[in-house]
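Coordinates from start24.pdb are shown below (PDB, C-alpha atoms, pLDDT in the B column).
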MODEL        1
ATOM      1  CA  MET N   9      -4.815 -42.168  -2.404  1.00 85.00           C
ATOM      2  CA  ILE N  10      -6.870 -39.655  -0.431  1.00 88.00           C
ATOM      3  CA  LYS N  11      -3.917 -39.087   1.889  1.00 88.00           C
ATOM      4  CA  ILE N  12      -1.666 -38.212  -1.076  1.00 90.00           C
ATOM      5  CA  LEU N  13      -4.299 -35.909  -2.535  1.00 91.00           C
ATOM      6  CA  GLY N  14      -4.645 -34.169   0.824  1.00 90.00           C
ATOM      7  CA  CYS N  15      -0.876 -33.731   1.050  1.00 91.00           C
ATOM      8  CA  VAL N  16      -0.729 -32.245  -2.445  1.00 92.00           C
ATOM      9  CA  LEU N  17      -3.576 -29.847  -1.612  1.00 93.00           C
ATOM     10  CA  ILE N  18      -1.827 -28.766   1.587  1.00 93.00           C
ATOM     11  CA  LEU N  19       1.408 -28.083  -0.297  1.00 92.00           C
ATOM     12  CA  ILE N  20      -0.439 -26.118  -2.974  1.00 94.00           C
ATOM     13  CA  ALA N  21      -2.308 -24.097  -0.356  1.00 93.00           C
ATOM     14  CA  SER N  22       0.894 -23.277   1.503  1.00 93.00           C
ATOM     15  CA  VAL N  23       2.663 -22.106  -1.664  1.00 92.00           C
ATOM     16  CA  VAL N  24      -0.355 -20.040  -2.743  1.00 94.00           C
ATOM     17  CA  SER N  25      -0.567 -18.415   0.686  1.00 93.00           C
ATOM     18  CA  GLY N  26       3.097 -17.441   0.433  1.00 92.00           C
ATOM     19  CA  TYR N  27       2.485 -15.817  -2.925  1.00 93.00           C
ATOM     20  CA  TYR N  28      -0.621 -14.072  -1.555  1.00 94.00           C
ATOM     21  CA  PHE N  29       1.382 -12.450   1.231  1.00 92.00           C
ATOM     22  CA  GLU N  30       4.015 -11.404  -1.299  1.00 92.00           C
ATOM     23  CA  TRP N  31       1.304  -9.921  -3.521  1.00 94.00           C
ATOM     24  CA  SER N  32      -0.200  -7.939  -0.622  1.00 92.00           C
ATOM     25  CA  PHE N  33       3.237  -6.577   0.252  1.00 92.00           C
ATOM     26  CA  LYS N  34       3.806  -5.493  -3.360  1.00 94.00           C
ATOM     27  CA  GLU N  35       0.331  -3.957  -3.460  1.00 94.00           C
ATOM     28  CA  LYS N  36       1.249  -1.766  -0.488  1.00 94.00           C
ATOM     29  CA  ILE N  37       4.370  -0.586  -2.314  1.00 95.00           C
ATOM     30  CA  GLN N  38       2.270   0.211  -5.403  1.00 94.00           C
ATOM     31  CA  PHE N  39      -0.206   2.122  -3.233  1.00 94.00           C
ATOM     32  CA  LEU N  40       2.589   4.214  -1.728  1.00 95.00           C
ATOM     33  CA  GLU N  41       4.063   4.944  -5.161  1.00 95.00           C
ATOM     34  CA  ASN N  42       0.656   6.127  -6.379  1.00 93.00           C
ATOM     35  CA  VAL N  43       0.176   8.281  -3.289  1.00 94.00           C
ATOM     36  CA  VAL N  44       3.608   9.891  -3.662  1.00 95.00           C
ATOM     37  CA  GLY N  45       2.768  10.691  -7.291  1.00 94.00           C
ATOM     38  CA  LEU N  46      -0.557  12.219  -6.274  1.00 94.00           C
ATOM     39  CA  LEU N  47       1.020  14.242  -3.468  1.00 95.00           C
ATOM     40  CA  ASN N  48       3.717  15.600  -5.788  1.00 95.00           C
ATOM     41  CA  TYR N  49       1.008  16.580  -8.273  1.00 95.00           C
ATOM     42  CA  ILE N  50      -1.010  18.300  -5.537  1.00 94.00           C
ATOM     43  CA  LYS N  51       2.065  20.136  -4.262  1.00 94.00           C
ATOM     44  CA  LYS N  52       2.967  21.453  -7.718  1.00 95.00           C
ATOM     45  CA  GLN N  53      -0.584  22.568  -8.413  1.00 94.00           C
ATOM     46  CA  ILE N  54      -0.825  24.411  -5.087  1.00 93.00           C
ATOM     47  CA  GLU N  55       2.663  25.875  -5.318  1.00 93.00           C
ATOM     48  CA  PHE N  56       2.594  27.139  -8.882  1.00 92.00           C
ATOM     49  CA  PHE N  57      -1.082  27.773  -9.641  1.00 91.00           C
ATOM     50  CA  SER N  58      -2.803  27.987  -6.222  1.00 89.00           C
ATOM     51  CA  THR N  59      -5.433  25.634  -7.575  1.00 88.00           C
ATOM     52  CA  PRO N  60      -8.288  24.679  -5.218  1.00 90.00           C
ATOM     53  CA  ILE N  61      -8.063  21.122  -3.974  1.00 90.00           C
ATOM     54  CA  LYS N  62     -11.309  19.976  -5.653  1.00 89.00           C
ATOM     55  CA  GLU N  63     -10.014  21.076  -9.057  1.00 92.00           C
ATOM     56  CA  ILE N  64      -6.693  19.358  -8.407  1.00 91.00           C
ATOM     57  CA  TYR N  65      -8.489  16.118  -7.599  1.00 89.00           C
ATOM     58  CA  SER N  66     -10.705  16.294 -10.677  1.00 89.00           C
ATOM     59  CA  SER N  67      -7.751  16.986 -12.985  1.00 90.00           C
ATOM     60  CA  TYR N  68      -5.508  14.218 -11.649  1.00 91.00           C
ATOM     61  CA  PRO N  69      -4.994  11.695 -14.477  1.00 89.00           C
ATOM     62  CA  ASP N  70      -4.570   8.469 -12.415  1.00 84.00           C
ATOM     63  CA  LYS N  71      -7.998   7.076 -11.611  1.00 81.00           C
ATOM     64  CA  SER N  72      -7.004   3.831  -9.872  1.00 85.00           C
ATOM     65  CA  LYS N  73      -9.297   2.535  -7.121  1.00 86.00           C
ATOM     66  CA  HIS N  74      -7.072   3.515  -4.200  1.00 84.00           C
ATOM     67  CA  ILE N  75      -6.492   7.027  -5.529  1.00 87.00           C
ATOM     68  CA  THR N  76     -10.211   7.452  -6.191  1.00 87.00           C
ATOM     69  CA  ASP N  77     -10.976   6.317  -2.628  1.00 86.00           C
ATOM     70  CA  LEU N  78      -8.460   8.834  -1.246  1.00 85.00           C
ATOM     71  CA  ILE N  79      -9.870  11.659  -3.350  1.00 84.00           C
ATOM     72  CA  ASP N  80     -13.502  10.823  -2.547  1.00 85.00           C
ATOM     73  CA  GLY N  81     -12.738  10.638   1.169  1.00 81.00           C
ATOM     74  CA  ASP N  82     -13.673   6.948   1.458  1.00 80.00           C
ATOM     75  CA  LEU N  83     -10.829   6.184   3.839  1.00 84.00           C
ATOM     76  CA  ASP N  84     -12.327   3.499   6.099  1.00 86.00           C
ATOM     77  CA  ASP N  85     -11.398   0.508   3.928  1.00 87.00           C
ATOM     78  CA  LEU N  86      -7.947   1.915   3.216  1.00 88.00           C
ATOM     79  CA  ARG N  87      -7.378   2.613   6.919  1.00 89.00           C
ATOM     80  CA  ARG N  88      -8.164  -1.014   7.759  1.00 90.00           C
ATOM     81  CA  LYS N  89      -5.939  -2.294   4.972  1.00 90.00           C
ATOM     82  CA  TYR N  90      -2.962   0.004   5.617  1.00 90.00           C
ATOM     83  CA  LYS N  91      -3.038   0.615   9.368  1.00 89.00           C
ATOM     84  CA  ASP N  92       0.503   1.948   9.578  1.00 90.00           C
ATOM     85  CA  LEU N  93      -0.028   4.743   7.032  1.00 90.00           C
ATOM     86  CA  ASP N  94      -2.171   7.080   9.123  1.00 91.00           C
ATOM     87  CA  PHE N  95      -0.127  10.122   8.116  1.00 92.00           C
ATOM     88  CA  ILE N  96      -1.478   9.759   4.558  1.00 92.00           C
ATOM     89  CA  PHE N  97      -5.087   9.535   5.679  1.00 90.00           C
ATOM     90  CA  ASN N  98      -4.613  12.487   8.023  1.00 90.00           C
ATOM     91  CA  TYR N  99      -3.315  14.532   5.089  1.00 91.00           C
ATOM     92  CA  PHE N 100      -6.351  13.764   2.957  1.00 89.00           C
ATOM     93  CA  GLN N 101      -8.674  14.695   5.811  1.00 88.00           C
ATOM     94  CA  GLN N 102      -6.927  18.068   6.171  1.00 89.00           C
ATOM     95  CA  ALA N 103      -6.347  18.759   2.463  1.00 88.00           C
ATOM     96  CA  GLY N 104      -7.784  22.036   1.247  1.00 86.00           C
ATOM     97  CA  LYS N 105      -8.117  23.522   4.732  1.00 88.00           C
ATOM     98  CA  GLY N 106      -5.817  26.377   5.632  1.00 88.00           C
ATOM     99  CA  TYR N 107      -3.482  28.741   3.861  1.00 92.00           C
ATOM    100  CA  LYS N 108      -1.222  27.945   0.935  1.00 91.00           C
ATOM    101  CA  SER N 109       1.920  27.835   3.098  1.00 92.00           C
ATOM    102  CA  GLU N 110       0.274  25.444   5.564  1.00 93.00           C
ATOM    103  CA  GLN N 111      -0.866  23.189   2.739  1.00 93.00           C
ATOM    104  CA  LEU N 112       2.625  23.116   1.229  1.00 94.00           C
ATOM    105  CA  LYS N 113       4.234  22.270   4.579  1.00 95.00           C
ATOM    106  CA  LEU N 114       1.713  19.514   5.231  1.00 94.00           C
ATOM    107  CA  CYS N 115       2.215  18.198   1.707  1.00 95.00           C
ATOM    108  CA  ASP N 116       6.018  18.218   2.098  1.00 96.00           C
ATOM    109  CA  TYR N 117       5.773  16.387   5.412  1.00 96.00           C
ATOM    110  CA  THR N 118       3.459  13.739   3.984  1.00 96.00           C
ATOM    111  CA  ILE N 119       5.618  13.271   0.877  1.00 97.00           C
ATOM    112  CA  ASN N 120       8.748  12.841   2.995  1.00 97.00           C
ATOM    113  CA  GLU N 121       7.064  10.336   5.314  1.00 96.00           C
ATOM    114  CA  ALA N 122       5.566   8.378   2.425  1.00 96.00           C
ATOM    115  CA  GLN N 123       8.883   8.331   0.554  1.00 97.00           C
ATOM    116  CA  ALA N 124      10.729   7.128   3.670  1.00 96.00           C
ATOM    117  CA  CYS N 125       8.155   4.391   4.192  1.00 96.00           C
ATOM    118  CA  LEU N 126       8.349   3.444   0.512  1.00 96.00           C
ATOM    119  CA  ASN N 127      12.145   3.240   0.571  1.00 97.00           C
ATOM    120  CA  LYS N 128      12.039   1.078   3.687  1.00 96.00           C
ATOM    121  CA  LEU N 129       9.487  -1.279   2.139  1.00 95.00           C
ATOM    122  CA  LYS N 130      11.445  -1.571  -1.099  1.00 96.00           C
ATOM    123  CA  GLU N 131      14.578  -2.361   0.876  1.00 96.00           C
ATOM    124  CA  GLU N 132      12.809  -5.038   2.919  1.00 95.00           C
ATOM    125  CA  LEU N 133      10.926  -6.576  -0.017  1.00 94.00           C
ATOM    126  CA  PRO N 134      13.509  -9.155  -1.167  1.00 94.00           C
ATOM    127  CA  LYS N 135      14.195 -10.331   2.383  1.00 93.00           C
ATOM    128  CA  LYS N 136      10.537 -10.580   3.349  1.00 92.00           C
ATOM    129  CA  VAL N 137       9.548 -12.344   0.146  1.00 93.00           C
ATOM    130  CA  LYS N 138      12.227 -14.961   0.686  1.00 93.00           C
ATOM    131  CA  VAL N 139      11.196 -15.495   4.306  1.00 94.00           C
ATOM    132  CA  ILE N 140       7.472 -15.610   3.554  1.00 92.00           C
ATOM    133  CA  ARG N 141       7.884 -18.118   0.746  1.00 91.00           C
ATOM    134  CA  SER N 142      10.211 -20.292   2.846  1.00 93.00           C
ATOM    135  CA  ILE N 143       7.990 -20.273   5.911  1.00 94.00           C
ATOM    136  CA  SER N 144       4.853 -21.089   3.972  1.00 93.00           C
ATOM    137  CA  LEU N 145       6.547 -23.912   2.087  1.00 92.00           C
ATOM    138  CA  PHE N 146       8.143 -25.393   5.209  1.00 94.00           C
ATOM    139  CA  LEU N 147       4.887 -25.105   7.135  1.00 93.00           C
ATOM    140  CA  GLY N 148       3.060 -26.968   4.397  1.00 93.00           C
ATOM    141  CA  ALA N 149       5.820 -29.578   4.196  1.00 93.00           C
ATOM    142  CA  SER N 150       5.781 -30.107   7.957  1.00 94.00           C
ATOM    143  CA  ILE N 151       2.010 -30.626   7.940  1.00 92.00           C
ATOM    144  CA  VAL N 152       2.407 -33.122   5.102  1.00 91.00           C
ATOM    145  CA  ILE N 153       5.091 -34.993   7.046  1.00 92.00           C
ATOM    146  CA  LEU N 154       2.813 -35.126  10.086  1.00 90.00           C
ATOM    147  CA  LEU N 155      -0.006 -36.562   7.958  1.00 85.00           C
ATOM    148  CA  ILE N 156       2.162 -39.258   6.399  1.00 80.00           C
TER
ENDMDL
END
Translate the structure of the given file into structure tokens.
Amino acid sequence: MIKILGCVLILIASVVSGYYFEWSFKEKIQFLENVVGLLNYIKKQIEFFSTPIKEIYSSYPDKSKHITDLIDGDLDDLRRKYKDLDFIFNYFQQAGKGYKSEQLKLCDYTINEAQACLNKLKEELPKKVKVIRSISLFLGASIVILLI
């Protein structure tokens, strides 16, 4: 009885871990979509109104946790979570420093890089989700078979 219960728990844990990895992958896509929206907003405000960066940040309507962390400069946790997105964190460290033309070029570069990364992730999502779910399920099943 305990052996069967252990096998069921292992299978449940393996399926849940597969869904967790899928969720973290989708969270990264959501983060990039939010960042692209923020960067487009910043670019328009700088380009059309020459608004100072602090005013742009305070007037941005999306107040999600990641966006708030980017705006407040609390980048350490985000850097650890999204190691491959340094170009975004570099932008937010340099935002508001320099002339309007420099800011617009830096903003364009960051938007293009973020959009390319977002497109790549969206393209890979179905394949990775399928692989992650399969691997986690087969790993759990193989452990169960070894226990039986």
### Task
Within 12 Å of stretch 140-152 of chain N, counting all atoms listed in the file, which residues show up once you throw out same-chain ones fewer than 3 positions away? Write them as a PyMOL selection string, please.
chain N and resi 11-33+132-137+155-156
Take the residues that were just selected and, keeping C-alpha atoms, output them as an mmCIF file, in the coordinates of the input.
data_model
loop_
_atom_site.group_PDB
_atom_site.id
_atom_site.type_symbol
_atom_site.label_atom_id
_atom_site.label_comp_id
_atom_site.auth_asym_id
_atom_site.auth_seq_id
_atom_site.Cartn_x
_atom_site.Cartn_y
_atom_site.Cartn_z
ATOM 1 C CA LYS N 11 -3.917 -39.087 1.889
ATOM 2 C CA ILE N 12 -1.666 -38.212 -1.076
ATOM 3 C CA LEU N 13 -4.299 -35.909 -2.535
ATOM 4 C CA GLY N 14 -4.645 -34.169 0.824
ATOM 5 C CA CYS N 15 -0.876 -33.731 1.050
ATOM 6 C CA VAL N 16 -0.729 -32.245 -2.445
ATOM 7 C CA LEU N 17 -3.576 -29.847 -1.612
ATOM 8 C CA ILE N 18 -1.827 -28.766 1.587
ATOM 9 C CA LEU N 19 1.408 -28.083 -0.297
ATOM 10 C CA ILE N 20 -0.439 -26.118 -2.974
ATOM 11 C CA ALA N 21 -2.308 -24.097 -0.356
ATOM 12 C CA SER N 22 0.894 -23.277 1.503
ATOM 13 C CA VAL N 23 2.663 -22.106 -1.664
ATOM 14 C CA VAL N 24 -0.355 -20.040 -2.743
ATOM 15 C CA SER N 25 -0.567 -18.415 0.686
ATOM 16 C CA GLY N 26 3.097 -17.441 0.433
ATOM 17 C CA TYR N 27 2.485 -15.817 -2.925
ATOM 18 C CA TYR N 28 -0.621 -14.072 -1.555
ATOM 19 C CA PHE N 29 1.382 -12.450 1.231
ATOM 20 C CA GLU N 30 4.015 -11.404 -1.299
ATOM 21 C CA TRP N 31 1.304 -9.921 -3.521
ATOM 22 C CA SER N 32 -0.200 -7.939 -0.622
ATOM 23 C CA PHE N 33 3.237 -6.577 0.252
ATOM 24 C CA GLU N 132 12.809 -5.038 2.919
ATOM 25 C CA LEU N 133 10.926 -6.576 -0.017
ATOM 26 C CA PRO N 134 13.509 -9.155 -1.167
ATOM 27 C CA LYS N 135 14.195 -10.331 2.383
ATOM 28 C CA LYS N 136 10.537 -10.580 3.349
ATOM 29 C CA VAL N 137 9.548 -12.344 0.146
ATOM 30 C CA LEU N 155 -0.006 -36.562 7.958
ATOM 31 C CA ILE N 156 2.162 -39.258 6.399
#
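The interatomic distance for the pair atom CA of N:Phe57 and atom CA of N:Cys115 works out to 15.2 Å.
Take the candidates N:Arg87, N:Lys108, N:Lys52, N:Lys130 and check each one against N:Tyr68 using all atoms listed in the file; the shortest distance goes to N:Lys52.
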#### Entry: Spatial neighbours of stretch 60-63 of chain N, 9 Å, all atoms listed in the file, chain gap at least 6 places, as an NGL selection string
:N and (50 or 53-54 or 79 or 103-104)
Using only C-alpha atoms, please write the residues we just selected to a file, as a PDB file, in the frame of the given file.
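result38.pdb written:
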ATOM      1  CA  ILE N  50      -1.010  18.300  -5.537  1.00 94.00           C
ATOM      2  CA  GLN N  53      -0.584  22.568  -8.413  1.00 94.00           C
ATOM      3  CA  ILE N  54      -0.825  24.411  -5.087  1.00 93.00           C
ATOM      4  CA  ILE N  79      -9.870  11.659  -3.350  1.00 84.00           C
ATOM      5  CA  ALA N 103      -6.347  18.759   2.463  1.00 88.00           C
ATOM      6  CA  GLY N 104      -7.784  22.036   1.247  1.00 86.00           C
TER       7      GLY N 104
END
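Proximity ranking of N:Asp94, N:Glu55, N:Glu41, N:Asp116 relative to N:Ile75 places N:Glu41 first, based on all atoms listed in the file.
Picture a line from atom CA of N:Tyr107 to atom CA of N:Val44; it runs 21.5 Å.
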Translate the PyMOL selection byres ((chain N and resi 95) around 12), as applied to the file shown, into an explicit residue set as a compact mmCIF listing (two decimals) with C-alpha atoms, in the frame of the given file.
# COMPACT_ATOMS: atom_id res chain seq x y z
CA LEU N 40 2.59 4.21 -1.73
CA VAL N 43 0.18 8.28 -3.29
CA ARG N 87 -7.38 2.61 6.92
CA TYR N 90 -2.96 0.00 5.62
CA LYS N 91 -3.04 0.62 9.37
CA ASP N 92 0.50 1.95 9.58
CA LEU N 93 -0.03 4.74 7.03
CA ASP N 94 -2.17 7.08 9.12
CA ILE N 96 -1.48 9.76 4.56
CA PHE N 97 -5.09 9.54 5.68
CA ASN N 98 -4.61 12.49 8.02
CA TYR N 99 -3.32 14.53 5.09
CA PHE N 100 -6.35 13.76 2.96
CA GLN N 101 -8.67 14.70 5.81
CA GLN N 102 -6.93 18.07 6.17
CA LEU N 114 1.71 19.51 5.23
CA CYS N 115 2.22 18.20 1.71
CA ASP N 116 6.02 18.22 2.10
CA TYR N 117 5.77 16.39 5.41
CA THR N 118 3.46 13.74 3.98
CA ILE N 119 5.62 13.27 0.88
CA ASN N 120 8.75 12.84 3.00
CA GLU N 121 7.06 10.34 5.31
CA ALA N 122 5.57 8.38 2.42
CA GLN N 123 8.88 8.33 0.55
CA CYS N 125 8.15 4.39 4.19
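What separates atom CA of N:Lys51 from atom CA of N:Ser67 is a distance of 13.5 Å.
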### Task
Find the residues around N:His74 up to 8 Å (all atoms listed in the file counted), leave out those fewer than 2 positions away in its own chain, and share them as a ChimeraX atom specification.
/N:39,72,76-78,86
Could you write stretch 49-76 of chain N as a PDB file, in the frame of the given file, with N, CA and C atoms rebuilt where they are missing?
ATOM      1  N   TYR N  49       1.895  15.843  -7.365  1.00 95.00           N
ATOM      2  CA  TYR N  49       1.008  16.580  -8.273  1.00 95.00           C
ATOM      3  C   TYR N  49       0.261  17.673  -7.515  1.00 95.00           C
ATOM      4  N   ILE N  50      -0.276  17.323  -6.353  1.00 94.00           N
ATOM      5  CA  ILE N  50      -1.010  18.300  -5.537  1.00 94.00           C
ATOM      6  C   ILE N  50      -0.092  19.445  -5.135  1.00 94.00           C
ATOM      7  N   LYS N  51       1.118  19.109  -4.698  1.00 94.00           N
ATOM      8  CA  LYS N  51       2.065  20.136  -4.262  1.00 94.00           C
ATOM      9  C   LYS N  51       2.383  21.102  -5.397  1.00 94.00           C
ATOM     10  N   LYS N  52       2.646  20.589  -6.582  1.00 95.00           N
ATOM     11  CA  LYS N  52       2.967  21.453  -7.718  1.00 95.00           C
ATOM     12  C   LYS N  52       1.790  22.339  -8.092  1.00 95.00           C
ATOM     13  N   GLN N  53       0.595  21.778  -8.063  1.00 94.00           N
ATOM     14  CA  GLN N  53      -0.584  22.568  -8.413  1.00 94.00           C
ATOM     15  C   GLN N  53      -0.831  23.682  -7.394  1.00 94.00           C
ATOM     16  N   ILE N  54      -0.638  23.389  -6.127  1.00 93.00           N
ATOM     17  CA  ILE N  54      -0.825  24.411  -5.087  1.00 93.00           C
ATOM     18  C   ILE N  54       0.279  25.453  -5.169  1.00 93.00           C
ATOM     19  N   GLU N  55       1.507  24.986  -5.336  1.00 93.00           N
ATOM     20  CA  GLU N  55       2.663  25.875  -5.318  1.00 93.00           C
ATOM     21  C   GLU N  55       2.678  26.834  -6.511  1.00 93.00           C
ATOM     22  N   PHE N  56       2.441  26.314  -7.688  1.00 92.00           N
ATOM     23  CA  PHE N  56       2.594  27.139  -8.882  1.00 92.00           C
ATOM     24  C   PHE N  56       1.308  27.847  -9.315  1.00 92.00           C
ATOM     25  N   PHE N  57       0.164  27.209  -9.113  1.00 91.00           N
ATOM     26  CA  PHE N  57      -1.082  27.773  -9.641  1.00 91.00           C
ATOM     27  C   PHE N  57      -2.100  28.133  -8.568  1.00 91.00           C
ATOM     28  N   SER N  58      -1.862  27.775  -7.328  1.00 89.00           N
ATOM     29  CA  SER N  58      -2.803  27.987  -6.222  1.00 89.00           C
ATOM     30  C   SER N  58      -4.191  27.442  -6.562  1.00 89.00           C
ATOM     31  N   THR N  59      -4.189  26.271  -7.151  1.00 88.00           N
ATOM     32  CA  THR N  59      -5.433  25.634  -7.575  1.00 88.00           C
ATOM     33  C   THR N  59      -6.177  25.087  -6.363  1.00 88.00           C
ATOM     34  N   PRO N  60      -7.498  25.275  -6.307  1.00 90.00           N
ATOM     35  CA  PRO N  60      -8.288  24.679  -5.218  1.00 90.00           C
ATOM     36  C   PRO N  60      -8.201  23.151  -5.271  1.00 90.00           C
ATOM     37  N   ILE N  61      -8.302  22.557  -4.105  1.00 90.00           N
ATOM     38  CA  ILE N  61      -8.063  21.122  -3.974  1.00 90.00           C
ATOM     39  C   ILE N  61      -9.060  20.293  -4.784  1.00 90.00           C
ATOM     40  N   LYS N  62     -10.301  20.722  -4.883  1.00 89.00           N
ATOM     41  CA  LYS N  62     -11.309  19.976  -5.653  1.00 89.00           C
ATOM     42  C   LYS N  62     -10.944  19.943  -7.131  1.00 89.00           C
ATOM     43  N   GLU N  63     -10.434  21.039  -7.651  1.00 92.00           N
ATOM     44  CA  GLU N  63     -10.014  21.076  -9.057  1.00 92.00           C
ATOM     45  C   GLU N  63      -8.770  20.210  -9.282  1.00 92.00           C
ATOM     46  N   ILE N  64      -7.889  20.201  -8.299  1.00 91.00           N
ATOM     47  CA  ILE N  64      -6.693  19.358  -8.407  1.00 91.00           C
ATOM     48  C   ILE N  64      -7.115  17.890  -8.482  1.00 91.00           C
ATOM     49  N   TYR N  65      -8.027  17.497  -7.602  1.00 89.00           N
ATOM     50  CA  TYR N  65      -8.489  16.118  -7.599  1.00 89.00           C
ATOM     51  C   TYR N  65      -9.144  15.737  -8.923  1.00 89.00           C
ATOM     52  N   SER N  66      -9.988  16.625  -9.436  1.00 89.00           N
ATOM     53  CA  SER N  66     -10.705  16.294 -10.677  1.00 89.00           C
ATOM     54  C   SER N  66      -9.774  16.246 -11.881  1.00 89.00           C
ATOM     55  N   SER N  67      -8.651  16.967 -11.835  1.00 90.00           N
ATOM     56  CA  SER N  67      -7.751  16.986 -12.985  1.00 90.00           C
ATOM     57  C   SER N  67      -6.636  15.949 -12.894  1.00 90.00           C
ATOM     58  N   TYR N  68      -6.578  15.215 -11.788  1.00 91.00           N
ATOM     59  CA  TYR N  68      -5.508  14.218 -11.649  1.00 91.00           C
ATOM     60  C   TYR N  68      -5.761  13.058 -12.607  1.00 91.00           C
ATOM     61  N   PRO N  69      -4.761  12.689 -13.419  1.00 89.00           N
ATOM     62  CA  PRO N  69      -4.994  11.695 -14.477  1.00 89.00           C
ATOM     63  C   PRO N  69      -5.139  10.241 -13.998  1.00 89.00           C
ATOM     64  N   ASP N  70      -4.521   9.860 -12.880  1.00 84.00           N
ATOM     65  CA  ASP N  70      -4.570   8.469 -12.415  1.00 84.00           C
ATOM     66  C   ASP N  70      -5.888   8.236 -11.684  1.00 84.00           C
ATOM     67  N   LYS N  71      -6.696   7.351 -12.214  1.00 81.00           N
ATOM     68  CA  LYS N  71      -7.998   7.076 -11.611  1.00 81.00           C
ATOM     69  C   LYS N  71      -8.075   5.649 -11.065  1.00 81.00           C
ATOM     70  N   SER N  72      -6.982   5.171 -10.461  1.00 85.00           N
ATOM     71  CA  SER N  72      -7.004   3.831  -9.872  1.00 85.00           C
ATOM     72  C   SER N  72      -7.921   3.831  -8.644  1.00 85.00           C
ATOM     73  N   LYS N  73      -8.317   2.651  -8.205  1.00 86.00           N
ATOM     74  CA  LYS N  73      -9.297   2.535  -7.121  1.00 86.00           C
ATOM     75  C   LYS N  73      -8.822   3.187  -5.830  1.00 86.00           C
ATOM     76  N   HIS N  74      -7.573   2.946  -5.452  1.00 84.00           N
ATOM     77  CA  HIS N  74      -7.072   3.515  -4.200  1.00 84.00           C
ATOM     78  C   HIS N  74      -7.015   5.038  -4.271  1.00 84.00           C
ATOM     79  N   ILE N  75      -6.570   5.572  -5.375  1.00 87.00           N
ATOM     80  CA  ILE N  75      -6.492   7.027  -5.529  1.00 87.00           C
ATOM     81  C   ILE N  75      -7.892   7.617  -5.520  1.00 87.00           C
ATOM     82  N   THR N  76      -8.828   6.972  -6.184  1.00 87.00           N
ATOM     83  CA  THR N  76     -10.211   7.452  -6.191  1.00 87.00           C
ATOM     84  C   THR N  76     -10.793   7.428  -4.787  1.00 87.00           C
TER      85      THR N  76
END
